[in-house]
$ cat coords09.cif   # mmCIF, C-alpha atoms
data_upload
loop_
_atom_site.group_PDB
_atom_site.id
_atom_site.type_symbol
_atom_site.label_atom_id
_atom_site.label_comp_id
_atom_site.auth_asym_id
_atom_site.auth_seq_id
_atom_site.Cartn_x
_atom_site.Cartn_y
_atom_site.Cartn_z
ATOM 1 C CA ARG A 1 -3.138 -14.208 -66.819
ATOM 2 C CA LYS A 2 -2.414 -10.783 -65.330
ATOM 3 C CA GLU A 3 0.780 -9.080 -66.458
ATOM 4 C CA VAL A 4 1.821 -8.448 -62.841
ATOM 5 C CA GLU A 5 0.690 -10.982 -60.255
ATOM 6 C CA GLN A 6 0.795 -10.808 -56.497
ATOM 7 C CA ASP A 7 -0.574 -12.947 -53.693
ATOM 8 C CA PRO A 8 -3.599 -10.917 -52.513
ATOM 9 C CA GLY A 9 -3.155 -12.015 -48.899
ATOM 10 C CA PRO A 10 -4.044 -10.841 -46.378
ATOM 11 C CA PHE A 11 -0.899 -11.554 -44.439
ATOM 12 C CA ASN A 12 -1.493 -11.381 -40.701
ATOM 13 C CA VAL A 13 1.736 -11.151 -38.700
ATOM 14 C CA PRO A 14 2.713 -10.167 -35.152
ATOM 15 C CA GLU A 15 4.853 -7.131 -34.440
ATOM 16 C CA GLY A 16 8.519 -7.933 -34.875
ATOM 17 C CA ALA A 17 7.951 -10.610 -37.509
ATOM 18 C CA THR A 18 9.686 -10.780 -40.868
ATOM 19 C CA VAL A 19 7.332 -10.904 -43.832
ATOM 20 C CA ALA A 20 8.053 -11.414 -47.519
ATOM 21 C CA PHE A 21 5.963 -10.403 -50.504
ATOM 22 C CA ASN A 22 6.430 -11.908 -53.938
ATOM 23 C CA CYS A 23 5.511 -10.637 -57.365
ATOM 24 C CA THR A 24 5.877 -12.070 -60.858
ATOM 25 C CA TYR A 25 5.678 -10.230 -64.171
ATOM 26 C CA SER A 26 5.110 -11.678 -67.599
ATOM 27 C CA ASN A 27 6.707 -9.159 -69.962
ATOM 28 C CA SER A 28 10.411 -9.943 -70.265
ATOM 29 C CA ALA A 29 11.029 -6.494 -71.792
ATOM 30 C CA SER A 30 10.095 -4.786 -68.521
ATOM 31 C CA GLN A 31 12.695 -2.237 -67.589
ATOM 32 C CA SER A 32 12.122 -0.827 -64.126
ATOM 33 C CA PHE A 33 10.455 -2.039 -60.996
ATOM 34 C CA PHE A 34 9.014 -0.522 -57.841
ATOM 35 C CA TRP A 35 7.113 -1.220 -54.667
ATOM 36 C CA TYR A 36 4.376 1.216 -53.707
ATOM 37 C CA ARG A 37 2.514 1.314 -50.436
ATOM 38 C CA GLN A 38 -1.192 2.123 -50.156
ATOM 39 C CA ASP A 39 -2.789 2.778 -46.786
ATOM 40 C CA CYS A 40 -6.491 2.053 -46.331
ATOM 41 C CA ARG A 41 -8.583 4.566 -48.285
ATOM 42 C CA LYS A 42 -5.504 6.534 -49.314
ATOM 43 C CA GLU A 43 -3.495 6.968 -52.489
ATOM 44 C CA PRO A 44 -0.524 4.778 -53.494
ATOM 45 C CA LYS A 45 2.890 6.168 -52.628
ATOM 46 C CA LEU A 46 6.325 5.065 -53.765
ATOM 47 C CA LEU A 47 8.000 2.882 -51.150
ATOM 48 C CA MET A 48 11.169 2.004 -53.025
ATOM 49 C CA SER A 49 12.651 1.228 -56.405
ATOM 50 C CA VAL A 50 13.968 -2.265 -57.082
ATOM 51 C CA TYR A 51 17.423 -2.602 -58.584
ATOM 52 C CA SER A 52 18.991 -5.642 -60.201
ATOM 53 C CA SER A 53 21.630 -5.891 -57.495
ATOM 54 C CA GLY A 54 19.030 -5.716 -54.741
ATOM 55 C CA ASN A 55 18.624 -2.754 -52.452
ATOM 56 C CA GLU A 56 17.819 -1.990 -48.877
ATOM 57 C CA ASP A 57 16.137 0.918 -47.126
ATOM 58 C CA GLY A 58 16.153 0.469 -43.374
ATOM 59 C CA ARG A 59 13.961 -2.523 -42.560
ATOM 60 C CA PHE A 60 12.943 -2.993 -46.187
ATOM 61 C CA THR A 61 14.852 -5.075 -48.747
ATOM 62 C CA ALA A 62 13.876 -5.411 -52.386
ATOM 63 C CA GLN A 63 15.192 -8.039 -54.787
ATOM 64 C CA LEU A 64 14.825 -8.541 -58.530
ATOM 65 C CA ASN A 65 15.415 -11.742 -60.466
ATOM 66 C CA ARG A 66 15.177 -10.914 -64.165
ATOM 67 C CA ALA A 67 15.731 -14.498 -65.285
ATOM 68 C CA SER A 68 12.733 -15.697 -63.291
ATOM 69 C CA GLN A 69 10.788 -12.426 -63.772
ATOM 70 C CA TYR A 70 10.293 -12.227 -60.045
ATOM 71 C CA ILE A 71 10.396 -9.337 -57.561
ATOM 72 C CA SER A 72 10.335 -9.547 -53.789
ATOM 73 C CA LEU A 73 9.976 -7.238 -50.804
ATOM 74 C CA LEU A 74 11.149 -8.246 -47.338
ATOM 75 C CA ILE A 75 10.078 -6.343 -44.254
ATOM 76 C CA ARG A 76 12.053 -7.066 -41.097
ATOM 77 C CA ASP A 77 10.939 -6.281 -37.540
ATOM 78 C CA SER A 78 7.374 -5.426 -38.623
ATOM 79 C CA LYS A 79 5.694 -2.438 -36.976
ATOM 80 C CA LEU A 80 1.991 -1.750 -36.528
ATOM 81 C CA SER A 81 2.477 1.173 -38.900
ATOM 82 C CA ASP A 82 3.547 -1.211 -41.684
ATOM 83 C CA SER A 83 -0.081 -2.357 -42.020
ATOM 84 C CA ALA A 84 -1.038 -1.430 -45.573
ATOM 85 C CA THR A 85 -1.378 -2.849 -49.073
ATOM 86 C CA TYR A 86 1.876 -3.276 -50.989
ATOM 87 C CA LEU A 87 1.716 -2.844 -54.756
ATOM 88 C CA CYS A 88 4.247 -4.342 -57.137
ATOM 89 C CA VAL A 89 4.769 -1.981 -60.084
ATOM 90 C CA VAL A 90 6.505 -2.631 -63.400
ATOM 91 C CA ASN A 91 7.448 -0.251 -66.215
ATOM 92 C CA ARG A 92 7.309 -2.040 -69.577
ATOM 93 C CA GLY A 93 9.259 0.748 -71.213
ATOM 94 C CA THR A 94 9.760 4.475 -71.284
ATOM 95 C CA GLY A 95 6.622 6.418 -70.483
ATOM 96 C CA GLY A 96 4.203 6.206 -67.594
ATOM 97 C CA PHE A 97 1.485 4.740 -69.789
ATOM 98 C CA LYS A 98 3.590 1.578 -69.820
ATOM 99 C CA THR A 99 3.377 1.265 -66.043
ATOM 100 C CA ILE A 100 1.520 -1.788 -64.789
ATOM 101 C CA PHE A 101 0.308 -2.003 -61.206
ATOM 102 C CA GLY A 102 -0.223 -5.276 -59.414
ATOM 103 C CA ALA A 103 -3.463 -5.669 -57.453
ATOM 104 C CA GLY A 104 -1.526 -5.564 -54.183
ATOM 105 C CA THR A 105 -0.893 -7.695 -51.117
ATOM 106 C CA ARG A 106 -2.583 -6.644 -47.914
ATOM 107 C CA LEU A 107 -0.568 -6.751 -44.671
ATOM 108 C CA PHE A 108 -1.944 -6.588 -41.146
ATOM 109 C CA VAL A 109 0.590 -6.281 -38.333
ATOM 110 C CA LYS A 110 -0.872 -7.041 -34.925
ATOM 111 C CA ALA A 111 0.345 -6.197 -31.434
ATOM 112 C CA ASN B 1 4.055 21.581 -51.507
ATOM 113 C CA ALA B 2 0.592 20.335 -52.550
ATOM 114 C CA GLY B 3 1.709 17.736 -55.144
ATOM 115 C CA VAL B 4 -1.374 16.358 -56.934
ATOM 116 C CA THR B 5 -4.755 17.768 -55.920
ATOM 117 C CA GLN B 6 -8.050 16.118 -56.898
ATOM 118 C CA THR B 7 -11.599 17.308 -56.448
ATOM 119 C CA PRO B 8 -14.115 16.259 -55.344
ATOM 120 C CA LYS B 9 -13.171 13.641 -52.733
ATOM 121 C CA PHE B 10 -16.601 11.993 -52.800
ATOM 122 C CA GLN B 11 -19.500 12.037 -55.243
ATOM 123 C CA VAL B 12 -22.784 10.211 -55.641
ATOM 124 C CA LEU B 13 -24.458 10.289 -59.044
ATOM 125 C CA LYS B 14 -27.616 8.869 -60.506
ATOM 126 C CA THR B 15 -27.390 6.797 -63.667
ATOM 127 C CA GLY B 16 -27.198 9.106 -66.666
ATOM 128 C CA GLN B 17 -25.866 12.142 -64.828
ATOM 129 C CA SER B 18 -22.612 13.764 -65.877
ATOM 130 C CA MET B 19 -19.712 15.095 -63.893
ATOM 131 C CA THR B 20 -16.123 16.252 -64.215
ATOM 132 C CA LEU B 21 -13.291 15.233 -61.914
ATOM 133 C CA GLN B 22 -10.617 17.883 -61.590
ATOM 134 C CA CYS B 23 -6.892 17.316 -61.116
ATOM 135 C CA ALA B 24 -3.974 19.703 -60.793
ATOM 136 C CA GLN B 25 -0.275 19.158 -60.095
ATOM 137 C CA ASP B 26 2.370 21.650 -59.066
ATOM 138 C CA MET B 27 5.471 19.541 -59.737
ATOM 139 C CA ASN B 28 5.945 20.727 -63.335
ATOM 140 C CA HIS B 29 5.491 17.181 -64.645
ATOM 141 C CA ASN B 30 4.774 16.661 -68.325
ATOM 142 C CA SER B 31 2.799 13.437 -67.936
ATOM 143 C CA MET B 32 -0.527 13.025 -66.198
ATOM 144 C CA TYR B 33 -2.882 10.067 -65.813
ATOM 145 C CA TRP B 34 -6.334 8.991 -64.733
ATOM 146 C CA TYR B 35 -6.778 5.572 -63.146
ATOM 147 C CA ARG B 36 -9.653 3.697 -61.608
ATOM 148 C CA GLN B 37 -9.161 1.210 -58.789
ATOM 149 C CA ASP B 38 -11.604 -1.610 -58.130
ATOM 150 C CA PRO B 39 -11.271 -4.388 -55.550
ATOM 151 C CA GLY B 40 -8.953 -7.155 -56.743
ATOM 152 C CA MET B 41 -8.258 -5.400 -60.053
ATOM 153 C CA GLY B 42 -5.420 -3.075 -59.241
ATOM 154 C CA LEU B 43 -5.091 0.326 -60.849
ATOM 155 C CA ARG B 44 -6.294 0.468 -64.446
ATOM 156 C CA LEU B 45 -5.334 3.308 -66.746
ATOM 157 C CA ILE B 46 -8.271 5.208 -68.222
ATOM 158 C CA TYR B 47 -6.506 8.000 -70.143
ATOM 159 C CA TYR B 48 -3.137 9.646 -70.038
ATOM 160 C CA SER B 49 -1.491 12.790 -71.320
ATOM 161 C CA ALA B 50 2.193 12.647 -72.143
ATOM 162 C CA SER B 51 2.410 16.409 -72.539
ATOM 163 C CA GLU B 52 0.282 19.521 -72.703
ATOM 164 C CA GLY B 53 -2.022 19.307 -75.712
ATOM 165 C CA THR B 54 -1.951 15.525 -76.095
ATOM 166 C CA THR B 55 -4.183 12.800 -74.679
ATOM 167 C CA ASP B 56 -4.362 9.064 -75.345
ATOM 168 C CA LYS B 57 -6.558 6.161 -74.368
ATOM 169 C CA GLY B 58 -5.446 3.727 -71.744
ATOM 170 C CA GLU B 59 -6.758 0.280 -70.903
ATOM 171 C CA VAL B 60 -10.371 1.229 -70.016
ATOM 172 C CA PRO B 61 -11.361 4.492 -71.783
ATOM 173 C CA ASN B 62 -14.989 3.703 -72.685
ATOM 174 C CA GLY B 63 -17.476 6.066 -71.071
ATOM 175 C CA TYR B 64 -14.863 8.718 -70.259
ATOM 176 C CA ASN B 65 -13.376 11.810 -71.843
ATOM 177 C CA VAL B 66 -10.422 13.925 -70.762
ATOM 178 C CA SER B 67 -9.040 17.401 -71.239
ATOM 179 C CA ARG B 68 -5.474 18.523 -70.660
ATOM 180 C CA LEU B 69 -6.261 22.154 -69.994
ATOM 181 C CA ASN B 70 -2.654 23.229 -69.483
ATOM 182 C CA LYS B 71 0.500 21.697 -68.059
ATOM 183 C CA ARG B 72 -0.926 21.688 -64.542
ATOM 184 C CA GLU B 73 -4.483 20.490 -65.070
ATOM 185 C CA PHE B 74 -6.007 17.270 -66.406
ATOM 186 C CA SER B 75 -9.740 16.659 -66.037
ATOM 187 C CA LEU B 76 -11.829 13.498 -66.453
ATOM 188 C CA ARG B 77 -15.456 13.692 -67.586
ATOM 189 C CA LEU B 78 -18.212 11.124 -67.302
ATOM 190 C CA GLU B 79 -20.862 12.147 -69.819
ATOM 191 C CA SER B 80 -23.542 9.655 -68.803
ATOM 192 C CA ALA B 81 -22.635 7.819 -65.624
ATOM 193 C CA ALA B 82 -23.342 4.096 -65.298
ATOM 194 C CA PRO B 83 -23.284 1.853 -62.192
ATOM 195 C CA SER B 84 -20.225 0.092 -63.673
ATOM 196 C CA GLN B 85 -18.324 3.357 -63.194
ATOM 197 C CA THR B 86 -18.658 3.127 -59.430
ATOM 198 C CA SER B 87 -15.033 3.105 -58.363
ATOM 199 C CA VAL B 88 -12.198 5.044 -56.775
ATOM 200 C CA TYR B 89 -10.536 7.369 -59.272
ATOM 201 C CA PHE B 90 -6.941 8.515 -58.945
ATOM 202 C CA CYS B 91 -5.149 11.206 -60.855
ATOM 203 C CA ALA B 92 -1.362 10.972 -61.079
ATOM 204 C CA SER B 93 1.552 12.810 -62.591
ATOM 205 C CA SER B 94 5.003 11.471 -63.247
ATOM 206 C CA GLU B 95 8.618 12.179 -63.796
ATOM 207 C CA GLU B 96 10.920 10.027 -65.857
ATOM 208 C CA ASN B 97 14.476 9.601 -64.718
ATOM 209 C CA SER B 98 17.256 7.057 -64.985
ATOM 210 C CA GLY B 99 15.439 4.903 -62.458
ATOM 211 C CA GLY B 100 12.252 4.726 -64.472
ATOM 212 C CA ASN B 101 8.858 6.383 -64.345
ATOM 213 C CA ILE B 102 7.753 7.355 -60.851
ATOM 214 C CA GLN B 103 4.141 8.383 -60.348
ATOM 215 C CA TYR B 104 2.664 10.674 -57.729
ATOM 216 C CA PHE B 105 -1.000 10.314 -56.916
ATOM 217 C CA GLY B 106 -3.791 12.539 -55.749
ATOM 218 C CA ALA B 107 -5.901 11.537 -52.747
ATOM 219 C CA GLY B 108 -8.603 9.980 -54.931
ATOM 220 C CA THR B 109 -12.288 10.487 -55.685
ATOM 221 C CA ARG B 110 -14.770 7.921 -54.412
ATOM 222 C CA LEU B 111 -17.620 7.800 -56.905
ATOM 223 C CA SER B 112 -20.874 5.912 -56.502
ATOM 224 C CA VAL B 113 -23.342 5.676 -59.375
ATOM 225 C CA LEU B 114 -26.811 4.578 -58.336
#
$ encode --input "coords09.cif" --output "structure tokens"
Amino acid sequence: RKEVEQDPGPFNVPEGATVAFNCTYSNSASQSFFWYRQDCRKEPKLLMSVYSSGNEDGRFTAQLNRASQYISLLIRDSKLSDSATYLCVVNRGTGGFKTIFGAGTRLFVKA
Amino acid sequence: NAGVTQTPKFQVLKTGQSMTLQCAQDMNHNSMYWYRQDPGMGLRLIYYSASEGTTDKGEVPNGYNVSRLNKREFSLRLESAAPSQTSVYFCASSEENSGGNIQYFGAGTRLSVL
């Protein structure tokens, strides 16, 4: 079993739709959590951190459930420009070498 | 602000050839990393350097060597390339803050080994 698991997708949604991505992690000692975005043939870039209380950045909402070891990302009012792969990322502890990247969920937003 | 710069962007090698991937960051980060990304596998850590003068193996180090030349530069060397090393390689550097470890990536090197 992978330490960080995501539905690979692809998710195909129309513009304006709401789409949710889920991620589970297996190491209960994990300390910090992120969503990264990776455009086709580009490098991953930080989209947002995920806090225990949940956090929002414009159309994006991230949630963390430590008891269930589950992270989610909600995108409201999808835009064509949201088409990308979304990576769930978990830090098992202090130090970047303890960072685990999920394989990503691919999103296609269509007009 | 350049961030993390990798060269080359593309490379084709024959089995057994050697090459070095170069990486430099201008964010004054202590930690640097080399990853490979294969379809369906996610990013896998090859080697990392927590600070200038130190390097450590990651999840998939076999067939690779690294050098942390100074705080800015971290290179990855393939001594004898194999088809299994066909992949996209990313260099990253990171900062650690109260929110955790955030990594910044270079644009990647697409390597094909024939």
$ residues_near_point --input "coords09.cif" --point "(2.1, -2.1, -59.2)" --cutoff "10 Å" --atoms "all atoms listed in the file" --output "ChimeraX atom specification"
/A:4-6,23,33-37,44,46,86-91,99-104 /B:42-43
$ closest_atom_pairs --input "coords09.cif" --of "chain B" --to "chain A" --cutoff "9 Å" --atoms "all atoms listed in the file" --output "JSON lines"
{"residue": "B:Ser31", "atom": "CA", "partner": "A:Gly96", "partner_atom": "CA", "distance": 7.4}
{"residue": "B:Met32", "atom": "CA", "partner": "A:Gly96", "partner_atom": "CA", "distance": 8.4}
{"residue": "B:Tyr33", "atom": "CA", "partner": "A:Phe97", "partner_atom": "CA", "distance": 8.0}
{"residue": "B:Pro39", "atom": "CA", "partner": "A:Ala103", "partner_atom": "CA", "distance": 8.1}
{"residue": "B:Gly40", "atom": "CA", "partner": "A:Ala103", "partner_atom": "CA", "distance": 5.7}
{"residue": "B:Met41", "atom": "CA", "partner": "A:Ala103", "partner_atom": "CA", "distance": 5.5}
{"residue": "B:Gly42", "atom": "CA", "partner": "A:Ala103", "partner_atom": "CA", "distance": 3.7}
{"residue": "B:Leu43", "atom": "CA", "partner": "A:Phe101", "partner_atom": "CA", "distance": 5.9}
{"residue": "B:Arg44", "atom": "CA", "partner": "A:Phe101", "partner_atom": "CA", "distance": 7.8}
{"residue": "B:Leu45", "atom": "CA", "partner": "A:Phe97", "partner_atom": "CA", "distance": 7.6}
{"residue": "B:Tyr47", "atom": "CA", "partner": "A:Phe97", "partner_atom": "CA", "distance": 8.6}
{"residue": "B:Tyr48", "atom": "CA", "partner": "A:Phe97", "partner_atom": "CA", "distance": 6.7}
{"residue": "B:Ser49", "atom": "CA", "partner": "A:Phe97", "partner_atom": "CA", "distance": 8.7}
{"residue": "B:Ala50", "atom": "CA", "partner": "A:Gly95", "partner_atom": "CA", "distance": 7.8}
{"residue": "B:Gly58", "atom": "CA", "partner": "A:Phe97", "partner_atom": "CA", "distance": 7.3}
{"residue": "B:Phe90", "atom": "CA", "partner": "A:Glu43", "partner_atom": "CA", "distance": 7.5}
{"residue": "B:Ser93", "atom": "CA", "partner": "A:Gly96", "partner_atom": "CA", "distance": 8.7}
{"residue": "B:Ser94", "atom": "CA", "partner": "A:Gly96", "partner_atom": "CA", "distance": 6.9}
{"residue": "B:Glu95", "atom": "CA", "partner": "A:Gly96", "partner_atom": "CA", "distance": 8.3}
{"residue": "B:Glu96", "atom": "CA", "partner": "A:Gly95", "partner_atom": "CA", "distance": 7.3}
{"residue": "B:Gly99", "atom": "CA", "partner": "A:Ser32", "partner_atom": "CA", "distance": 6.8}
{"residue": "B:Gly100", "atom": "CA", "partner": "A:Ser32", "partner_atom": "CA", "distance": 5.6}
{"residue": "B:Asn101", "atom": "CA", "partner": "A:Gly96", "partner_atom": "CA", "distance": 5.7}
{"residue": "B:Ile102", "atom": "CA", "partner": "A:Leu46", "partner_atom": "CA", "distance": 7.6}
{"residue": "B:Gln103", "atom": "CA", "partner": "A:Gly96", "partner_atom": "CA", "distance": 7.6}
{"residue": "B:Tyr104", "atom": "CA", "partner": "A:Lys45", "partner_atom": "CA", "distance": 6.8}
{"residue": "B:Phe105", "atom": "CA", "partner": "A:Glu43", "partner_atom": "CA", "distance": 6.1}
{"residue": "B:Gly106", "atom": "CA", "partner": "A:Glu43", "partner_atom": "CA", "distance": 6.5}
{"residue": "B:Ala107", "atom": "CA", "partner": "A:Glu43", "partner_atom": "CA", "distance": 5.2}
{"residue": "B:Gly108", "atom": "CA", "partner": "A:Glu43", "partner_atom": "CA", "distance": 6.4}
$ atom_distance --input "coords09.cif" --atom1 "CA of Gln63 in chain A" --atom2 "CA of Ser28 in chain A"
16.3 Å
$ atom_distance --input "coords09.cif" --atom1 "CA of Val88 in chain B" --atom2 "CA of Met48 in chain A"
23.9 Å
$ closest_residue --input "coords09.cif" --among "B:Glu59, B:Ser98, B:Ile46, B:Phe10" --to "Trp34 in chain B" --atoms "only C-alpha atoms"
B:Ile46
$ residues_near_point --input "coords09.cif" --point "(-2.2, 21.1, -65.0)" --cutoff "8 Å" --atoms "all atoms listed in the file" --output "list in words"
Cys23, Ala24, Gln25, Asp26, Arg68, Leu69, Asn70, Lys71, Arg72, Glu73 and Phe74 of chain B
$ write_last_selection --input "coords09.cif" --atoms "C-alpha atoms" --output "CSV table (one decimal), keeping the file's coordinate frame"
chain,number,residue,atom,x,y,z
B,23,CYS,CA,-6.9,17.3,-61.1
B,24,ALA,CA,-4.0,19.7,-60.8
B,25,GLN,CA,-0.3,19.2,-60.1
B,26,ASP,CA,2.4,21.6,-59.1
B,68,ARG,CA,-5.5,18.5,-70.7
B,69,LEU,CA,-6.3,22.2,-70.0
B,70,ASN,CA,-2.7,23.2,-69.5
B,71,LYS,CA,0.5,21.7,-68.1
B,72,ARG,CA,-0.9,21.7,-64.5
B,73,GLU,CA,-4.5,20.5,-65.1
B,74,PHE,CA,-6.0,17.3,-66.4
$ decode --input "coords09.cif" --residues "range 91-102 of chain A" --atoms "N, CA, C and O atoms" --output "CSV table (one decimal), in the first residue's frame"
chain,number,residue,atom,x,y,z
A,91,ASN,N,4.2,15.7,5.0
A,91,ASN,CA,5.5,15.7,5.7
A,91,ASN,C,5.3,14.7,6.9
A,91,ASN,O,4.5,14.9,7.8
A,92,ARG,N,6.2,13.7,6.9
A,92,ARG,CA,6.2,12.7,8.0
A,92,ARG,C,6.8,13.3,9.3
A,92,ARG,O,6.7,12.7,10.4
A,93,GLY,N,7.6,14.3,9.1
A,93,GLY,CA,8.3,14.9,10.2
A,93,GLY,C,9.1,16.1,9.7
A,93,GLY,O,9.0,16.6,8.6
A,94,THR,N,10.0,16.6,10.6
A,94,THR,CA,10.8,17.7,10.2
A,94,THR,C,11.9,17.3,9.2
A,94,THR,O,12.5,16.3,9.3
A,95,GLY,N,12.0,18.1,8.1
A,95,GLY,CA,13.0,17.7,7.1
A,95,GLY,C,12.3,17.3,5.8
A,95,GLY,O,11.4,16.5,5.8
A,96,GLY,N,12.8,17.9,4.7
A,96,GLY,CA,12.2,17.6,3.4
A,96,GLY,C,12.3,16.2,2.9
A,96,GLY,O,11.5,15.8,2.1
A,97,PHE,N,13.3,15.5,3.5
A,97,PHE,CA,13.5,14.1,3.0
A,97,PHE,C,12.3,13.2,3.6
A,97,PHE,O,12.2,12.1,3.2
A,98,LYS,N,11.5,13.8,4.5
A,98,LYS,CA,10.4,13.1,5.0
A,98,LYS,C,9.1,13.5,4.3
A,98,LYS,O,8.0,13.2,4.8
A,99,THR,N,9.2,14.1,3.2
A,99,THR,CA,8.1,14.6,2.4
A,99,THR,C,7.7,13.4,1.4
A,99,THR,O,8.5,12.9,0.7
A,100,ILE,N,6.4,13.1,1.4
A,100,ILE,CA,5.9,12.0,0.6
A,100,ILE,C,4.9,12.7,-0.4
A,100,ILE,O,3.9,13.3,0.1
A,101,PHE,N,5.1,12.4,-1.7
A,101,PHE,CA,4.2,13.0,-2.7
A,101,PHE,C,3.2,11.9,-3.2
A,101,PHE,O,3.6,10.8,-3.5
A,102,GLY,N,1.9,12.2,-3.2
A,102,GLY,CA,1.0,11.3,-3.9
A,102,GLY,C,1.2,11.3,-5.4
A,102,GLY,O,1.9,12.2,-5.9
